[in-house]
file protein17.cif (mmCIF, C-alpha atoms)
data_work
loop_
_atom_site.label_atom_id
_atom_site.label_comp_id
_atom_site.auth_asym_id
_atom_site.auth_seq_id
_atom_site.Cartn_x
_atom_site.Cartn_y
_atom_site.Cartn_z
CA MET A 1447 152.80 196.70 99.87
CA GLY A 1448 155.32 198.77 101.79
CA ILE A 1449 156.45 197.35 105.11
CA PRO A 1450 158.02 199.82 107.56
CA ARG A 1451 160.49 197.34 109.11
CA SER A 1452 161.03 193.68 108.21
CA ALA A 1453 162.79 190.86 110.01
CA ALA A 1454 163.34 188.16 107.38
CA ILE A 1455 163.74 184.58 108.56
CA GLU A 1456 164.42 181.40 106.61
CA TYR A 1457 161.83 179.28 108.41
CA PRO A 1458 158.97 177.24 106.90
CA TYR A 1459 155.82 178.94 105.66
CA GLY A 1460 153.39 178.86 108.61
CA ARG A 1461 155.99 178.67 111.41
CA PRO A 1462 157.94 181.94 111.32
CA VAL A 1463 158.64 182.02 115.07
CA GLY A 1464 160.00 178.49 115.38
CA GLN A 1465 159.30 174.90 116.16
CA VAL A 1466 156.40 173.50 118.19
CA GLY A 1467 157.24 173.55 121.89
CA ASP A 1468 160.69 175.13 121.43
CA LYS A 1469 160.27 177.99 123.92
CA GLU A 1470 163.93 178.97 123.94
CA GLY A 1471 164.19 178.98 120.15
CA GLN A 1472 161.00 181.04 119.84
CA ARG A 1473 162.31 183.54 122.39
CA LYS A 1474 165.57 184.00 120.50
CA VAL A 1475 163.77 184.62 117.21
CA LEU A 1476 161.36 187.08 118.80
CA LEU A 1477 164.02 189.00 120.70
CA MET A 1478 165.94 189.52 117.50
CA ALA A 1479 162.81 190.39 115.50
CA LEU A 1480 161.74 192.92 118.15
CA SER A 1481 165.20 194.45 118.20
CA VAL A 1482 164.60 195.53 114.60
CA LEU A 1483 162.05 198.01 115.98
CA GLU A 1484 164.92 199.82 117.66
CA LYS A 1485 167.59 199.24 115.04
CA ALA A 1486 165.81 200.13 111.80
CA LYS A 1487 166.35 203.77 110.97
CA LYS A 1488 164.40 204.27 107.76
CA PRO A 1489 161.24 202.87 106.12
CA GLY A 1490 161.60 199.63 104.19
CA GLU A 1491 164.69 198.25 105.93
CA VAL A 1492 164.97 194.46 105.90
CA TRP A 1493 167.00 192.78 108.61
CA HIS A 1494 167.99 189.21 107.87
CA LEU A 1495 167.88 187.01 110.96
CA PRO A 1496 170.71 184.47 111.24
CA PHE A 1497 168.66 181.42 112.27
CA THR A 1498 168.81 178.07 110.48
CA TRP A 1499 165.87 175.66 110.49
CA PRO A 1500 167.02 172.21 111.60
CA GLU A 1501 165.30 170.25 108.81
CA GLU A 1502 165.76 170.20 105.07
CA PRO A 1503 162.91 171.92 103.18
CA LYS A 1504 161.61 168.58 101.83
CA LYS A 1505 161.19 167.23 105.34
CA THR A 1506 159.31 170.13 106.88
CA GLU A 1507 155.77 169.17 105.75
CA TRP A 1508 154.62 172.71 105.13
CA GLN A 1509 151.99 171.69 102.57
CA PRO A 1510 148.30 171.91 103.30
CA PRO A 1511 146.63 168.46 103.15
CA GLU A 1512 144.95 169.46 99.90
CA MET A 1513 146.36 171.56 97.06
CA SER A 1514 145.21 175.17 97.61
CA PRO A 1515 142.42 176.49 95.34
CA LEU A 1516 144.81 179.09 93.91
CA ILE A 1517 147.38 176.50 92.87
CA LYS A 1518 144.66 174.25 91.42
CA PHE A 1519 143.29 177.21 89.48
CA TYR A 1520 146.69 178.09 88.02
CA LEU A 1521 148.06 174.55 87.76
CA GLU A 1522 148.45 174.55 83.98
CA ASP A 1523 150.25 177.93 84.03
CA ILE A 1524 152.52 176.70 86.82
CA LYS A 1525 153.36 173.51 84.90
CA LYS A 1526 154.12 175.57 81.79
CA ALA A 1527 156.31 178.00 83.74
CA ARG A 1528 158.26 175.12 85.26
CA LYS A 1529 158.91 173.55 81.87
CA GLY A 1530 159.91 176.94 80.44
CA MET B 148 161.80 191.39 96.13
CA ALA B 149 162.99 193.07 99.27
CA TYR B 150 164.66 189.88 100.46
CA ARG B 151 167.54 190.69 98.13
CA GLU B 152 168.77 193.43 100.44
CA ALA B 153 172.07 192.65 102.00
CA SER B 154 172.39 191.31 105.50
CA MET B 155 173.08 194.20 107.81
CA GLU B 156 174.49 192.88 111.01
CA LEU B 157 175.35 189.83 113.07
CA ASN B 158 176.50 187.72 110.16
CA GLN B 159 176.26 187.56 106.43
CA LYS B 160 173.22 185.31 106.18
CA VAL B 161 170.88 186.48 103.45
CA VAL B 162 167.47 184.90 103.81
CA ASP B 163 166.16 182.99 100.82
CA GLY B 164 162.45 183.78 101.05
CA PHE B 165 161.60 180.90 98.72
CA ARG B 166 163.55 178.09 100.40
CA PHE B 167 160.70 176.96 102.63
CA LEU B 168 157.82 177.91 100.37
CA PRO B 169 155.91 175.14 98.56
CA PRO B 170 157.51 174.80 95.09
CA SER B 171 154.23 175.35 93.24
CA LEU B 172 153.59 178.55 95.20
CA LYS B 173 157.14 179.69 94.48
CA THR B 174 156.52 179.19 90.76
CA TRP B 175 153.19 181.01 91.00
CA VAL B 176 154.78 183.99 92.79
CA LYS B 177 157.64 184.16 90.29
CA THR B 178 155.22 183.93 87.36
CA PHE B 179 152.47 186.30 88.45
CA ILE B 180 154.03 188.84 90.82
CA PRO B 181 156.45 191.28 89.22
CA ASP B 182 159.93 191.14 90.76
CA GLU B 183 160.37 194.80 91.50
CA ASP B 184 161.09 196.92 94.53
CA PHE B 185 158.23 198.78 96.16
CA LYS B 186 158.36 202.38 94.99
CA ASP B 187 155.50 204.14 96.79
CA PRO B 188 156.03 205.88 100.15
CA ILE B 189 156.20 203.50 103.11
CA PRO B 190 154.45 204.53 106.35
CA TRP B 191 156.94 205.32 109.09
CA THR B 192 156.61 206.16 112.76
CA PRO B 193 159.97 206.44 114.53
CA MET B 194 160.35 204.60 117.84
CA SER B 195 160.13 207.32 120.46
CA LYS B 196 161.07 205.15 123.47
CA PRO B 197 162.87 201.93 124.26
CA LEU B 198 161.23 198.54 123.72
CA SER B 199 160.95 198.12 127.49
CA LYS B 200 158.40 200.98 127.56
CA VAL B 201 156.44 200.13 124.42
CA THR B 202 152.95 198.58 124.16
CA ILE B 203 152.99 195.92 121.46
CA ALA B 204 150.16 194.09 119.70
CA LEU B 205 150.45 190.89 117.73
CA VAL B 206 148.82 190.49 114.34
CA THR B 207 148.85 187.44 112.12
CA SER B 208 147.35 186.55 108.77
CA ALA B 209 147.20 182.85 109.68
CA GLY B 210 143.40 182.48 109.81
CA ILE B 211 143.22 181.88 113.56
CA SER B 212 139.81 182.21 115.23
CA LEU B 213 138.54 181.48 118.71
CA LYS B 214 136.48 178.30 118.89
CA SER B 215 133.66 180.52 120.19
CA ASP B 216 133.77 182.68 117.01
CA PRO B 217 132.82 181.74 113.44
CA PRO B 218 135.74 180.24 111.50
CA PHE B 219 137.17 181.92 108.40
CA ASP B 220 135.26 181.01 105.25
CA MET B 221 137.17 178.34 103.36
CA GLU B 222 134.23 177.01 101.37
CA ARG B 223 133.78 180.17 99.33
CA GLU B 224 137.49 180.28 98.54
CA LYS B 225 137.27 176.70 97.28
CA ARG B 226 134.54 177.88 94.90
CA GLU B 227 136.29 181.17 94.06
CA PRO B 228 140.06 180.49 94.10
CA ILE B 229 141.15 184.12 94.00
CA TRP B 230 138.80 185.24 96.80
CA GLY B 231 139.97 185.33 100.41
CA ASP B 232 137.84 185.92 103.52
CA ARG B 233 138.42 189.56 104.45
CA SER B 234 137.00 189.50 107.98
CA PHE B 235 139.15 189.53 111.11
CA ARG B 236 139.04 188.04 114.59
CA ILE B 237 140.18 189.37 117.95
CA ILE B 238 142.38 186.94 119.85
CA PRO B 239 142.60 187.97 123.52
CA LYS B 240 145.84 187.94 125.46
CA GLY B 241 146.14 184.59 127.24
CA THR B 242 144.60 182.59 124.38
CA THR B 243 146.27 179.21 123.87
CA GLU B 244 146.14 176.55 121.18
CA LYS B 245 143.34 174.87 123.13
CA ASP B 246 141.06 177.84 122.46
CA ILE B 247 141.50 178.19 118.71
CA ASP B 248 140.63 176.93 115.27
CA VAL B 249 142.95 177.55 112.37
CA ASN B 250 141.61 177.73 108.84
CA HIS B 251 144.05 178.45 106.05
CA LEU B 252 144.19 176.65 102.72
CA HIS B 253 147.78 177.57 101.88
CA ILE B 254 149.69 176.20 104.88
CA ASN B 255 149.80 173.10 107.03
CA THR B 256 147.86 174.33 110.06
CA THR B 257 148.75 171.32 112.25
CA TYR B 258 151.67 173.05 113.95
CA ILE B 259 149.70 176.16 114.97
CA LYS B 260 147.04 173.91 116.50
CA GLN B 261 149.79 172.19 118.51
CA ASP B 262 151.50 175.43 119.60
CA ILE B 263 149.97 178.81 118.77
CA ASN B 264 153.36 180.44 119.46
CA VAL B 265 154.86 179.21 116.19
CA ILE B 266 152.99 182.08 114.51
CA LEU B 267 151.09 184.07 117.18
CA PRO B 268 153.55 184.11 120.09
CA LEU B 269 151.20 185.25 122.85
CA ALA B 270 152.85 183.17 125.58
CA ARG B 271 156.38 184.29 124.67
CA MET B 272 155.33 187.95 124.57
CA ALA B 273 153.60 187.58 127.95
CA GLU B 274 156.93 186.29 129.30
CA PHE B 275 158.71 189.33 127.82
CA GLU B 276 156.14 191.60 129.45
CA LYS B 277 156.66 189.95 132.83
CA GLU B 278 160.44 190.19 132.45
CA GLY B 279 160.31 193.87 131.46
CA ILE B 280 161.74 193.26 127.99
CA ILE B 281 158.70 194.93 126.47
CA GLY B 282 156.54 197.55 128.17
CA ARG B 283 153.19 195.85 127.72
CA LEU B 284 151.48 193.25 125.59
CA ALA B 285 148.18 194.72 124.35
CA PRO B 286 144.98 193.05 125.60
CA SER B 287 144.00 192.08 122.05
CA ALA B 288 145.81 190.35 119.23
CA TYR B 289 144.29 190.09 115.77
CA SER B 290 144.05 187.50 113.06
CA PHE B 291 142.87 187.93 109.53
CA TYR B 292 143.21 185.74 106.50
CA GLY B 293 146.33 186.36 104.48
CA PHE B 294 145.00 185.98 101.02
CA GLN B 295 144.13 189.57 100.22
CA TRP B 296 144.84 191.26 96.96
CA GLN B 297 144.99 195.03 96.55
CA ASN B 298 141.69 195.38 98.24
CA ASN B 299 140.08 198.54 99.58
CA ASP B 300 137.18 196.55 101.01
CA PHE B 301 139.63 194.66 103.23
CA LEU B 302 141.20 197.93 104.40
CA ARG B 303 137.77 199.32 105.25
CA GLU B 304 136.27 196.19 106.80
CA ALA B 305 139.25 194.83 108.72
CA ILE B 306 142.18 197.20 108.99
CA VAL B 307 140.19 200.32 109.97
CA PRO B 308 138.36 198.65 112.90
CA ILE B 309 141.57 196.88 113.97
CA SER B 310 143.49 200.16 114.08
CA LYS B 311 140.71 201.86 116.03
CA LYS B 312 140.81 199.15 118.69
CA MET B 313 144.60 199.34 118.78
CA LYS B 314 144.41 203.07 119.45
CA LEU B 315 141.95 202.50 122.30
CA GLU B 316 144.33 199.94 123.80
CA GLY B 317 147.34 202.25 123.52
CA VAL B 318 149.25 200.14 121.00
CA GLU B 319 152.53 201.70 119.86
CA ALA B 320 154.13 198.91 117.83
CA ILE B 321 152.93 195.81 116.03
CA LEU B 322 154.53 192.51 115.21
CA LEU B 323 152.92 191.02 112.11
CA THR B 324 153.55 187.36 111.40
CA PRO B 325 152.42 186.50 107.89
CA ALA B 326 150.99 183.33 106.39
#
call {"tool": "encode", "arguments": {"input": "protein17.cif", "output": "structure tokens"}}
result
Amino acid sequence: MGIPRSAAIEYPYGRPVGQVGDKEGQRKVLLMALSVLEKAKKPGEVWHLPFTWPEEPKKTEWQPPEMSPLIKFYLEDIKKARKG
Amino acid sequence: MAYREASMELNQKVVDGFRFLPPSLKTWVKTFIPDEDFKDPIPWTPMSKPLSKVTIALVTSAGISLKSDPPFDMEREKREPIWGDRSFRIIPKGTTEKDIDVNHLHINTTYIKQDINVILPLARMAEFEKEGIIGRLAPSAYSFYGFQWQNNDFLREAIVPISKKMKLEGVEAILLTPA
């Protein structure tokens, strides 16, 4: 898929704009993401946003309560790939 | 992947697109999706006016539906693991977390149910509209279910009607928040 303009952010899967209830943090992320509309000059540009999520990845609880059907379906392949 | 591109401004942070992805999904992506840059032409419409004059619509693939609408179909996906519901829902401006269901088997949906703005920032964008930072927030936002493969049916059934409604509502730019 080709995306005209991207604002990349290192935030957990499912919460790209920020933390629950953090209005100011969400505003900052959005203002910078929207600014990419004006700054990007050619198709496919990726702008990396400078924000840092306050928790370590292991503590962010991004997982769905149950393993997704896709991961279940490919579990053996995933295990093999990890060992390899 | 595109995330490899160098940071362009502000600082030298280069986003690691895998850091906050579930490890099993990371392995799946690295195993089954070729790590190559996109080579086909990318659609491009230059911005013809400043952000403060632009009408913006929000779109997310987070599986959000109004409580008054049917939810996205999770049961079929459980039976057919590489099938994803290809319908879409309109989420009107002013919708809050109280008005929605979230159905998505690949993320923890708890946070969106607590604060819709973590992925569909309707309240923040309404503030920007009021403050004149953006021209206008479109009357409709859109949610679909982000588990679509290269799928012409999805383009026909969801993207075509969404774009028609966007045209009617004068949308000039879109912010897509993926899940």
call {"tool": "residues_around", "arguments": {"input": "protein17.cif", "residues": "Glu1484 of chain A", "least_positions_apart": "2", "cutoff": "10 Å", "atoms": "only C-alpha atoms", "output": "ChimeraX atom specification"}}
result
/A:1451,1479-1482,1486-1487 /B:193-198
call {"tool": "resolve_selection", "arguments": {"input": "protein17.cif", "expression": "the PyMOL selection byres ((chain B and resi 285) around 8)", "output": "list in words"}}
result
Thr202, Ile203, Ala204, Leu205, Lys240, Arg283, Leu284, Pro286, Ser287, Ala288, Glu316, Gly317 and Val318 of chain B
call {"tool": "write_last_selection", "arguments": {"input": "protein17.cif", "atoms": "C-alpha atoms", "output": "PDB file, keeping the file's coordinate frame"}}
result
ATOM      1  CA  THR B 202     152.950 198.580 124.160  1.00  0.00           C
ATOM      2  CA  ILE B 203     152.990 195.920 121.460  1.00  0.00           C
ATOM      3  CA  ALA B 204     150.160 194.090 119.700  1.00  0.00           C
ATOM      4  CA  LEU B 205     150.450 190.890 117.730  1.00  0.00           C
ATOM      5  CA  LYS B 240     145.840 187.940 125.460  1.00  0.00           C
ATOM      6  CA  ARG B 283     153.190 195.850 127.720  1.00  0.00           C
ATOM      7  CA  LEU B 284     151.480 193.250 125.590  1.00  0.00           C
ATOM      8  CA  PRO B 286     144.980 193.050 125.600  1.00  0.00           C
ATOM      9  CA  SER B 287     144.000 192.080 122.050  1.00  0.00           C
ATOM     10  CA  ALA B 288     145.810 190.350 119.230  1.00  0.00           C
ATOM     11  CA  GLU B 316     144.330 199.940 123.800  1.00  0.00           C
ATOM     12  CA  GLY B 317     147.340 202.250 123.520  1.00  0.00           C
ATOM     13  CA  VAL B 318     149.250 200.140 121.000  1.00  0.00           C
TER      14      VAL B 318
END
call {"tool": "interface_residues", "arguments": {"input": "protein17.cif", "of": "chain A", "to": "chain B", "cutoff": "6 Å", "atoms": "all atoms listed in the file", "output": "ChimeraX atom specification"}}
result
/A:1448,1450,1456,1458-1464,1466,1489,1494,1496,1503,1508-1510,1514-1516
call {"tool": "resolve_selection", "arguments": {"input": "protein17.cif", "expression": "the PyMOL selection byres ((chain A and resi 1495) around 7)", "output": "PyMOL selection string"}}
result
chain A and resi 1453-1455+1493-1494+1496-1497
call {"tool": "atom_distance", "arguments": {"input": "protein17.cif", "atom1": "atom CA of Lys200 of chain B", "atom2": "atom CA of Lys312 of chain B"}}
result
19.8 Å
call {"tool": "closest_residue", "arguments": {"input": "protein17.cif", "among": "B:Pro217, B:Glu244, B:Phe235, B:Glu319", "to": "Phe301 of chain B", "atoms": "all atoms listed in the file"}}
result
B:Phe235
call {"tool": "atom_distance", "arguments": {"input": "protein17.cif", "atom1": "atom CA of Gly1467 of chain A", "atom2": "atom CA of Val1492 of chain A"}}
result
27.4 Å
call {"tool": "atom_distance", "arguments": {"input": "protein17.cif", "atom1": "atom CA of Val206 of chain B", "atom2": "atom CA of Trp1499 of chain A"}}
result
22.9 Å
call {"tool": "residues_around", "arguments": {"input": "protein17.cif", "residues": "Ile237 of chain B", "least_positions_apart": "2", "cutoff": "9 Å", "atoms": "all atoms listed in the file", "output": "MDAnalysis selection string"}}
result
chainID B and resid 212:213 235 239 287:291 309
call {"tool": "write_last_selection", "arguments": {"input": "protein17.cif", "atoms": "C-alpha atoms", "output": "PDB file, in the coordinates of the input"}}
result
ATOM      1  CA  SER B 212     139.810 182.210 115.230  1.00  0.00           C
ATOM      2  CA  LEU B 213     138.540 181.480 118.710  1.00  0.00           C
ATOM      3  CA  PHE B 235     139.150 189.530 111.110  1.00  0.00           C
ATOM      4  CA  PRO B 239     142.600 187.970 123.520  1.00  0.00           C
ATOM      5  CA  SER B 287     144.000 192.080 122.050  1.00  0.00           C
ATOM      6  CA  ALA B 288     145.810 190.350 119.230  1.00  0.00           C
ATOM      7  CA  TYR B 289     144.290 190.090 115.770  1.00  0.00           C
ATOM      8  CA  SER B 290     144.050 187.500 113.060  1.00  0.00           C
ATOM      9  CA  PHE B 291     142.870 187.930 109.530  1.00  0.00           C
ATOM     10  CA  ILE B 309     141.570 196.880 113.970  1.00  0.00           C
TER      11      ILE B 309
END
